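Student: Handing you this structure, nothing more for now.
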Amino acid sequence: MGIKMIVTVKQVPDTHNVSANAMKPDGTVNRAILPTIFNPEDLNALEEALKIKDALGGTVTCITMGPPKAADVLKECLFRGADDVILVSDRRFAGADTLATSYALKSTIEKIGAYDLIFCGRQAIDGDTAQVGPQIAEKLKINQLCNASEVVAVDEKSITIKRLTEYGNETLKSKFPCLVTVTAEANDPRAPSAKRVMRYKKIASLKTQNYGEAYLENNSQIPHIKEWDVDTIGADPVQCGLSGSPTKVKEIQTVVLKAGEIKQISNNESEITALVHQLINEHILG
Amino acid sequence: MNQHPVMVFIEQTANIIAPVSLELISEATKLAAKLQTKVIGCALGHNLKNELNVLAHYGCEQIIYTDDARLAHFTSVPYAKTIVKIIQKYQPQVVLFGATTIGRDVAPRVASELKCGLTADCTSLEIGDYKSKDKTWTNALLQIRPAFGGNIVATIVSPESFPSMATVREGVMKLNTPDTKKHAEIINEPCALSTNDFLTEIIEVVKKEKAVDLKGARIIVGAGMGAATAQGMKNVRELAKVLGAEIAASRPVVDGGHFVKDHQVGQTGLTVRPNLYIACGISGQIQHCAGMSESMRIIAINNDPKAPIFGVAHYGIVGDLNEVLPRMIKAYKAKV
């Protein structure tokens, strides 16, 4: 009974809080030293799954594709109420664009087996593409409901969401199985529970071929974070990582925030008046 | 002429063509000229035919149109499958979508099925070369977009992908001057979907008038957290009223409840290009600048001389906006 849910989560550099410390003298961002965080909209996605588990019962399995350090976000999932977590990690995933990433996650989900709902954050704050969710849905050949700003209703067979559009909003319903992407507007994610932090703070990853549901009973504790690689999930290495990525980066330019040819106006009546009158003369104002 | 056109997905809601589609046709004509091919549109809907003529005015030569009552309102799987079929039949080398709710929903699904490259939220598109190891590709679509929260600008290519696909936000590409004498050939493609493809039930569609039309505004006063006090807001509103300007807000100001999301300018809000943008108490985080840095003139007012906003502004006033704004209002009233 209950609803089987999978949540995809990602560890990302904190691109929205670039402090002075992360800036190099030439005005560019030092990406290497940005702290990593749980992708904000993935927390919103996890929260929707946990709310459904609270209301209707079921299980929440969180998965992430990343380097070994990404296990940190899986721990955060356990602290908040996830039942099981899986780290999918392999050098061969390096350089993956959204197509290769969605392929790896789809393979992982197929190895997990049965599910009713998949929740994804709308987009990650490093790639900013919002593509992985829909691409996983296509590969699984299931329906998608994107940009949910509210989960309106869930029952044992279907989910109804509301989303904002350029023209207003719409309410959409889908039977299971379905993938839903969740936006920041949907909820305020819960904090970790002290009890679960105590239980899981020392949990470690373990490379394993296994997946079994025997221990997914209420309040039972998972012994380790399962770590799977390309072979465990039965993925074709050619379709993973850089080789499985049709998009390539030709060039990167760092954005430099430095004073350009800015005209400084002093905060006094005469200079401000001169500026305003100049703009009126040029027909930019008035 | 190159047999592989540049295709634009024509988005409609309630049979009104989305403005971004016209912008993308305009941009597509520039790309098509360089690629020596034509621009075609891909439109889905019901009873939409009479609305499609306008696409020709902006440069679309051919429109592939699938009409079905079940396609009147967008849902993901039916639209994705139909667009995939059209792409497979008409073999475009480039496909462009608006980076709208619909575009960002359907484009990834289409790209996944075709296993082709898709670049989201492009701010610029060019045709150029791409060299990798010992291979060179010519006439590749160079897709330029911000990433990493806007801290970098990346040029992306999909050299072995056919087609290359990109999404572009409204307000980024410029409209051609329409030529109302132009016509386009409309080709009807029958709907090949089965009942099993229609998986989303539309429960309700609510149309809401926008609280403000920032896109059409010639002058915008932007309110940042520095203006998020009672006095600050009073001065912002007074300045906007006197100048005949619309009010925009940064994301934190919208999140704080001072304005509804229709006022939000920035990476997750609107992109605007007014004649004049007056940034009041806006620090100038990249996410906000992404939405207004192409304004013709920018005045930045901030207490902090190191605020990044001064990096994009034409005029900078370091000071308390509650002193500066009244001075601006007084100066304006004196002359107008």
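How things are named: the first chain in the structure tokens is A, the next is B, and so on; residues count from 1 in each chain; ligands count from 1 in the order shown.
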Could you pull out all residues of segment 87-299 of chain B with a DSSP call of helix (DSSP H, G or I) and give them as an NGL selection string?
Tutor: :B and (87-90 or 101-114 or 148-150 or 195-197 or 225-227 or 230-243 or 251-255 or 261-263 or 286-289)
Student: Go ahead and dump the residues you just picked, N, CA and C atoms, as a short mmCIF file (atom, residue, chain, number, x, y, z; two decimals), in the first residue's frame.
Tutor:
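The result, stored in out_36.cif:
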data_model
loop_
_atom_site.label_atom_id
_atom_site.label_comp_id
_atom_site.auth_asym_id
_atom_site.auth_seq_id
_atom_site.Cartn_x
_atom_site.Cartn_y
_atom_site.Cartn_z
N ILE B 87 9.63 16.76 -37.46
CA ILE B 87 11.07 16.93 -37.63
C ILE B 87 11.65 15.78 -38.46
N GLN B 88 11.20 14.57 -38.18
CA GLN B 88 11.73 13.42 -38.92
C GLN B 88 11.35 13.50 -40.39
N LYS B 89 10.19 14.08 -40.68
CA LYS B 89 9.76 14.15 -42.08
C LYS B 89 10.43 15.30 -42.81
N TYR B 90 10.52 16.47 -42.17
CA TYR B 90 10.97 17.67 -42.88
C TYR B 90 12.45 17.95 -42.68
N THR B 101 6.80 28.34 -20.75
CA THR B 101 6.30 27.18 -20.03
C THR B 101 6.13 26.00 -20.98
N ILE B 102 5.54 26.26 -22.16
CA ILE B 102 5.33 25.20 -23.13
C ILE B 102 6.67 24.75 -23.71
N GLY B 103 7.49 25.71 -24.14
CA GLY B 103 8.76 25.38 -24.79
C GLY B 103 9.67 24.55 -23.91
N ARG B 104 9.78 24.93 -22.64
CA ARG B 104 10.68 24.24 -21.73
C ARG B 104 10.10 22.90 -21.29
N ASP B 105 8.84 22.68 -21.59
CA ASP B 105 8.19 21.41 -21.29
C ASP B 105 8.40 20.45 -22.45
N VAL B 106 8.18 20.94 -23.68
CA VAL B 106 8.17 20.03 -24.83
C VAL B 106 9.54 19.84 -25.48
N ALA B 107 10.35 20.91 -25.53
CA ALA B 107 11.63 20.80 -26.25
C ALA B 107 12.54 19.69 -25.69
N PRO B 108 12.71 19.57 -24.37
CA PRO B 108 13.57 18.50 -23.86
C PRO B 108 13.04 17.12 -24.24
N ARG B 109 11.73 16.97 -24.24
CA ARG B 109 11.15 15.67 -24.55
C ARG B 109 11.42 15.33 -26.02
N VAL B 110 11.28 16.32 -26.90
CA VAL B 110 11.57 16.11 -28.32
C VAL B 110 13.05 15.76 -28.50
N ALA B 111 13.92 16.52 -27.84
CA ALA B 111 15.36 16.27 -27.96
C ALA B 111 15.73 14.89 -27.47
N SER B 112 15.08 14.45 -26.41
CA SER B 112 15.39 13.14 -25.86
C SER B 112 15.01 12.05 -26.85
N GLU B 113 13.82 12.18 -27.47
CA GLU B 113 13.38 11.14 -28.39
C GLU B 113 14.28 11.10 -29.63
N LEU B 114 14.71 12.27 -30.09
CA LEU B 114 15.57 12.32 -31.27
C LEU B 114 17.04 12.14 -30.92
N PHE B 148 25.78 28.50 -14.72
CA PHE B 148 26.40 28.69 -13.41
C PHE B 148 25.78 29.88 -12.72
N GLY B 149 24.44 29.92 -12.77
CA GLY B 149 23.74 31.02 -12.12
C GLY B 149 23.98 32.35 -12.80
N GLY B 150 24.50 32.31 -14.03
CA GLY B 150 24.75 33.55 -14.76
C GLY B 150 26.17 34.06 -14.60
N THR B 195 -5.47 7.53 -28.82
CA THR B 195 -6.02 7.96 -27.51
C THR B 195 -5.01 7.73 -26.40
N ASN B 196 -4.18 6.69 -26.54
CA ASN B 196 -3.20 6.37 -25.50
C ASN B 196 -2.14 7.43 -25.32
N ASP B 197 -2.02 8.32 -26.31
CA ASP B 197 -1.00 9.37 -26.21
C ASP B 197 -1.46 10.54 -25.37
N MET B 225 16.21 45.48 -2.84
CA MET B 225 16.04 45.36 -1.40
C MET B 225 16.40 46.67 -0.69
N GLY B 226 17.26 47.46 -1.30
CA GLY B 226 17.61 48.75 -0.71
C GLY B 226 16.42 49.70 -0.65
N ALA B 227 15.42 49.43 -1.47
CA ALA B 227 14.23 50.28 -1.50
C ALA B 227 13.06 49.65 -0.75
N ALA B 230 9.22 51.30 3.89
CA ALA B 230 8.01 52.07 3.60
C ALA B 230 8.36 53.34 2.85
N GLN B 231 9.40 54.02 3.33
CA GLN B 231 9.77 55.28 2.69
C GLN B 231 10.35 55.04 1.30
N GLY B 232 11.17 53.99 1.19
CA GLY B 232 11.76 53.66 -0.10
C GLY B 232 10.69 53.38 -1.14
N MET B 233 9.73 52.55 -0.78
CA MET B 233 8.66 52.19 -1.71
C MET B 233 7.84 53.42 -2.09
N LYS B 234 7.63 54.29 -1.11
CA LYS B 234 6.86 55.51 -1.38
C LYS B 234 7.57 56.33 -2.44
N ASN B 235 8.89 56.49 -2.27
CA ASN B 235 9.66 57.25 -3.24
C ASN B 235 9.70 56.58 -4.61
N VAL B 236 9.82 55.25 -4.63
CA VAL B 236 9.83 54.52 -5.90
C VAL B 236 8.51 54.73 -6.64
N ARG B 237 7.41 54.58 -5.91
CA ARG B 237 6.09 54.72 -6.55
C ARG B 237 5.88 56.14 -7.05
N GLU B 238 6.33 57.11 -6.25
CA GLU B 238 6.18 58.52 -6.63
C GLU B 238 6.98 58.82 -7.89
N LEU B 239 8.22 58.33 -7.92
CA LEU B 239 9.06 58.55 -9.10
C LEU B 239 8.42 57.94 -10.34
N ALA B 240 7.95 56.70 -10.20
CA ALA B 240 7.33 56.02 -11.34
C ALA B 240 6.12 56.78 -11.83
N LYS B 241 5.32 57.26 -10.89
CA LYS B 241 4.10 57.99 -11.24
C LYS B 241 4.46 59.27 -12.00
N VAL B 242 5.41 60.01 -11.49
CA VAL B 242 5.79 61.28 -12.09
C VAL B 242 6.39 61.07 -13.48
N LEU B 243 7.21 60.05 -13.64
CA LEU B 243 7.87 59.81 -14.92
C LEU B 243 6.98 59.07 -15.91
N ARG B 251 14.17 39.83 -7.59
CA ARG B 251 13.53 38.63 -7.05
C ARG B 251 13.31 38.68 -5.54
N PRO B 252 14.31 39.12 -4.74
CA PRO B 252 14.08 39.14 -3.29
C PRO B 252 12.91 40.06 -2.91
N VAL B 253 12.75 41.14 -3.67
CA VAL B 253 11.65 42.06 -3.36
C VAL B 253 10.31 41.40 -3.66
N VAL B 254 10.26 40.63 -4.74
CA VAL B 254 9.02 39.88 -5.06
C VAL B 254 8.78 38.80 -4.00
N ASP B 255 9.84 38.08 -3.65
CA ASP B 255 9.71 37.02 -2.63
C ASP B 255 9.25 37.61 -1.31
N LYS B 261 4.68 38.56 -8.95
CA LYS B 261 5.73 38.07 -9.83
C LYS B 261 5.74 38.74 -11.21
N ASP B 262 4.61 39.32 -11.62
CA ASP B 262 4.58 40.00 -12.92
C ASP B 262 5.57 41.15 -12.98
N HIS B 263 6.01 41.64 -11.82
CA HIS B 263 6.95 42.75 -11.77
C HIS B 263 8.40 42.29 -11.77
N ILE B 286 24.03 39.08 -10.65
CA ILE B 286 23.98 38.70 -12.06
C ILE B 286 22.59 38.26 -12.49
N GLN B 287 21.89 37.58 -11.59
CA GLN B 287 20.57 37.08 -11.95
C GLN B 287 19.61 38.21 -12.29
N HIS B 288 19.80 39.38 -11.65
CA HIS B 288 18.93 40.51 -11.97
C HIS B 288 19.41 41.21 -13.23
N CYS B 289 20.73 41.42 -13.31
CA CYS B 289 21.29 42.13 -14.47
C CYS B 289 20.95 41.42 -15.76
#
Student: Can you build me a table of chain B residues sitting at most 7 Å from chain A, with the closest atom pair per residue and its distance in Å to one decimal, using only C-alpha atoms, sorted by chain and residue number, as JSON lines?
Tutor:
{"residue": "B:Ser76", "atom": "CA", "partner": "A:Gln144", "partner_atom": "CA", "distance": 6.8}
{"residue": "B:Val77", "atom": "CA", "partner": "A:Asn143", "partner_atom": "CA", "distance": 6.7}
{"residue": "B:Thr101", "atom": "CA", "partner": "A:Thr165", "partner_atom": "CA", "distance": 6.0}
{"residue": "B:Asp105", "atom": "CA", "partner": "A:Cys146", "partner_atom": "CA", "distance": 6.3}
{"residue": "B:Pro108", "atom": "CA", "partner": "A:Gln131", "partner_atom": "CA", "distance": 5.3}
{"residue": "B:Arg109", "atom": "CA", "partner": "A:Gln135", "partner_atom": "CA", "distance": 5.2}
{"residue": "B:Ser112", "atom": "CA", "partner": "A:Gln135", "partner_atom": "CA", "distance": 5.4}
{"residue": "B:Glu113", "atom": "CA", "partner": "A:Glu138", "partner_atom": "CA", "distance": 6.7}
{"residue": "B:Cys116", "atom": "CA", "partner": "A:Pro246", "partner_atom": "CA", "distance": 6.0}
{"residue": "B:Gly117", "atom": "CA", "partner": "A:Pro246", "partner_atom": "CA", "distance": 4.9}
{"residue": "B:Ala120", "atom": "CA", "partner": "A:Thr129", "partner_atom": "CA", "distance": 5.3}
{"residue": "B:Ala147", "atom": "CA", "partner": "A:Gly127", "partner_atom": "CA", "distance": 5.7}
{"residue": "B:Phe148", "atom": "CA", "partner": "A:Asp126", "partner_atom": "CA", "distance": 4.1}
{"residue": "B:Gly149", "atom": "CA", "partner": "A:Thr15", "partner_atom": "CA", "distance": 5.1}
{"residue": "B:Asn151", "atom": "CA", "partner": "A:Val255", "partner_atom": "CA", "distance": 5.5}
{"residue": "B:Ile152", "atom": "CA", "partner": "A:Thr254", "partner_atom": "CA", "distance": 4.4}
{"residue": "B:Val153", "atom": "CA", "partner": "A:Gln253", "partner_atom": "CA", "distance": 5.1}
{"residue": "B:Ala154", "atom": "CA", "partner": "A:Ile252", "partner_atom": "CA", "distance": 4.4}
{"residue": "B:Thr155", "atom": "CA", "partner": "A:Glu251", "partner_atom": "CA", "distance": 5.1}
{"residue": "B:Ile156", "atom": "CA", "partner": "A:Val249", "partner_atom": "CA", "distance": 4.6}
{"residue": "B:Val157", "atom": "CA", "partner": "A:Lys248", "partner_atom": "CA", "distance": 5.3}
{"residue": "B:Ser158", "atom": "CA", "partner": "A:Thr247", "partner_atom": "CA", "distance": 4.4}
{"residue": "B:Glu160", "atom": "CA", "partner": "A:Pro246", "partner_atom": "CA", "distance": 6.6}
{"residue": "B:Ser161", "atom": "CA", "partner": "A:Pro246", "partner_atom": "CA", "distance": 5.9}
{"residue": "B:Leu199", "atom": "CA", "partner": "A:Ser174", "partner_atom": "CA", "distance": 6.3}
{"residue": "B:Thr200", "atom": "CA", "partner": "A:Ser174", "partner_atom": "CA", "distance": 5.0}
{"residue": "B:Glu201", "atom": "CA", "partner": "A:Lys173", "partner_atom": "CA", "distance": 5.0}
{"residue": "B:Ile202", "atom": "CA", "partner": "A:Leu172", "partner_atom": "CA", "distance": 4.8}
{"residue": "B:Ile203", "atom": "CA", "partner": "A:Thr171", "partner_atom": "CA", "distance": 5.3}
{"residue": "B:Glu204", "atom": "CA", "partner": "A:Thr171", "partner_atom": "CA", "distance": 5.0}
{"residue": "B:Val205", "atom": "CA", "partner": "A:Glu170", "partner_atom": "CA", "distance": 4.3}
{"residue": "B:Val206", "atom": "CA", "partner": "A:Asn169", "partner_atom": "CA", "distance": 5.2}
{"residue": "B:Lys207", "atom": "CA", "partner": "A:Gly168", "partner_atom": "CA", "distance": 4.6}
{"residue": "B:Lys208", "atom": "CA", "partner": "A:Gly168", "partner_atom": "CA", "distance": 4.6}
{"residue": "B:Leu243", "atom": "CA", "partner": "A:Gly286", "partner_atom": "CA", "distance": 6.9}
{"residue": "B:Asn275", "atom": "CA", "partner": "A:Ile284", "partner_atom": "CA", "distance": 6.3}
{"residue": "B:Leu276", "atom": "CA", "partner": "A:Ile284", "partner_atom": "CA", "distance": 6.8}
{"residue": "B:Pro308", "atom": "CA", "partner": "A:Leu257", "partner_atom": "CA", "distance": 6.2}
{"residue": "B:Phe310", "atom": "CA", "partner": "A:Ala259", "partner_atom": "CA", "distance": 6.1}
{"residue": "B:Gly311", "atom": "CA", "partner": "A:Ala259", "partner_atom": "CA", "distance": 4.3}
{"residue": "B:Ala313", "atom": "CA", "partner": "A:Ile262", "partner_atom": "CA", "distance": 6.2}
{"residue": "B:His314", "atom": "CA", "partner": "A:Ile262", "partner_atom": "CA", "distance": 4.8}
{"residue": "B:Tyr315", "atom": "CA", "partner": "A:Lys263", "partner_atom": "CA", "distance": 4.7}
{"residue": "B:Gly316", "atom": "CA", "partner": "A:Gln264", "partner_atom": "CA", "distance": 4.9}
{"residue": "B:Ile317", "atom": "CA", "partner": "A:Ile265", "partner_atom": "CA", "distance": 5.1}
{"residue": "B:Val318", "atom": "CA", "partner": "A:Asn267", "partner_atom": "CA", "distance": 6.7}
{"residue": "B:Gly319", "atom": "CA", "partner": "A:Asn267", "partner_atom": "CA", "distance": 5.9}
{"residue": "B:Val324", "atom": "CA", "partner": "A:Asn267", "partner_atom": "CA", "distance": 6.4}
{"residue": "B:Arg327", "atom": "CA", "partner": "A:Glu269", "partner_atom": "CA", "distance": 6.0}
{"residue": "B:Met328", "atom": "CA", "partner": "A:Ile272", "partner_atom": "CA", "distance": 6.3}
{"residue": "B:Ala331", "atom": "CA", "partner": "A:Thr273", "partner_atom": "CA", "distance": 4.9}
{"residue": "B:Tyr332", "atom": "CA", "partner": "A:Val276", "partner_atom": "CA", "distance": 6.3}
{"residue": "B:Val336", "atom": "CA", "partner": "A:Gly286", "partner_atom": "CA", "distance": 6.7}
Student: Save out the residues we just selected, C-alpha atoms, as a PDB file, in the first residue's frame.
Tutor:
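The resulting selection.pdb:
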ATOM      1  CA  SER B  76       3.327  17.299 -23.210  1.00  0.00           C
ATOM      2  CA  VAL B  77       3.218  13.886 -24.855  1.00  0.00           C
ATOM      3  CA  THR B 101       6.296  27.176 -20.031  1.00  0.00           C
ATOM      4  CA  ASP B 105       8.189  21.413 -21.292  1.00  0.00           C
ATOM      5  CA  PRO B 108      13.571  18.496 -23.859  1.00  0.00           C
ATOM      6  CA  ARG B 109      11.155  15.673 -24.554  1.00  0.00           C
ATOM      7  CA  SER B 112      15.389  13.138 -25.863  1.00  0.00           C
ATOM      8  CA  GLU B 113      13.385  11.136 -28.391  1.00  0.00           C
ATOM      9  CA  CYS B 116      19.815  15.377 -30.239  1.00  0.00           C
ATOM     10  CA  GLY B 117      21.445  18.318 -28.524  1.00  0.00           C
ATOM     11  CA  ALA B 120      18.255  26.122 -23.096  1.00  0.00           C
ATOM     12  CA  ALA B 147      25.247  29.196 -16.956  1.00  0.00           C
ATOM     13  CA  PHE B 148      26.397  28.689 -13.413  1.00  0.00           C
ATOM     14  CA  GLY B 149      23.741  31.023 -12.120  1.00  0.00           C
ATOM     15  CA  ASN B 151      28.351  33.776 -13.658  1.00  0.00           C
ATOM     16  CA  ILE B 152      29.643  32.427 -16.956  1.00  0.00           C
ATOM     17  CA  VAL B 153      28.614  32.659 -20.589  1.00  0.00           C
ATOM     18  CA  ALA B 154      29.041  29.414 -22.508  1.00  0.00           C
ATOM     19  CA  THR B 155      29.083  28.780 -26.260  1.00  0.00           C
ATOM     20  CA  ILE B 156      27.531  25.373 -26.895  1.00  0.00           C
ATOM     21  CA  VAL B 157      27.544  23.363 -30.111  1.00  0.00           C
ATOM     22  CA  SER B 158      25.928  20.068 -31.076  1.00  0.00           C
ATOM     23  CA  GLU B 160      26.973  15.663 -34.620  1.00  0.00           C
ATOM     24  CA  SER B 161      23.398  16.264 -33.671  1.00  0.00           C
ATOM     25  CA  LEU B 199      -2.172  11.285 -20.793  1.00  0.00           C
ATOM     26  CA  THR B 200      -2.749  14.692 -19.214  1.00  0.00           C
ATOM     27  CA  GLU B 201      -6.251  15.722 -18.238  1.00  0.00           C
ATOM     28  CA  ILE B 202      -6.751  19.489 -18.348  1.00  0.00           C
ATOM     29  CA  ILE B 203      -8.859  20.263 -15.298  1.00  0.00           C
ATOM     30  CA  GLU B 204      -8.866  24.042 -15.538  1.00  0.00           C
ATOM     31  CA  VAL B 205      -7.202  26.887 -17.421  1.00  0.00           C
ATOM     32  CA  VAL B 206      -7.326  30.279 -15.732  1.00  0.00           C
ATOM     33  CA  LYS B 207      -6.500  33.463 -17.613  1.00  0.00           C
ATOM     34  CA  LYS B 208      -5.268  36.301 -15.454  1.00  0.00           C
ATOM     35  CA  LEU B 243       7.868  59.815 -14.924  1.00  0.00           C
ATOM     36  CA  ASN B 275      14.781  53.205 -23.026  1.00  0.00           C
ATOM     37  CA  LEU B 276      15.568  53.915 -19.396  1.00  0.00           C
ATOM     38  CA  PRO B 308      27.867  45.253  -8.904  1.00  0.00           C
ATOM     39  CA  PHE B 310      27.489  50.023 -11.199  1.00  0.00           C
ATOM     40  CA  GLY B 311      29.142  47.570 -13.578  1.00  0.00           C
ATOM     41  CA  ALA B 313      24.951  51.193 -15.465  1.00  0.00           C
ATOM     42  CA  HIS B 314      25.570  54.211 -17.667  1.00  0.00           C
ATOM     43  CA  TYR B 315      25.049  56.628 -14.795  1.00  0.00           C
ATOM     44  CA  GLY B 316      25.864  55.845 -11.184  1.00  0.00           C
ATOM     45  CA  ILE B 317      24.718  57.736  -8.126  1.00  0.00           C
ATOM     46  CA  VAL B 318      26.193  56.590  -4.830  1.00  0.00           C
ATOM     47  CA  GLY B 319      23.829  57.722  -2.124  1.00  0.00           C
ATOM     48  CA  VAL B 324      18.181  60.927  -4.672  1.00  0.00           C
ATOM     49  CA  ARG B 327      15.752  65.246  -6.158  1.00  0.00           C
ATOM     50  CA  MET B 328      14.987  63.510  -9.435  1.00  0.00           C
ATOM     51  CA  ALA B 331      14.172  68.165 -11.295  1.00  0.00           C
ATOM     52  CA  TYR B 332      11.630  66.495 -13.567  1.00  0.00           C
ATOM     53  CA  VAL B 336       8.114  69.076 -17.732  1.00  0.00           C
TER      54      VAL B 336
END
Student: What does the distance between atom CA of Arg70 of chain B and atom CA of Gly98 of chain B come to in Å, to one decimal place?
Tutor: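 Going from atom CA of Arg70 of chain B over to atom CA of Gly98 of chain B covers 21.8 Å.
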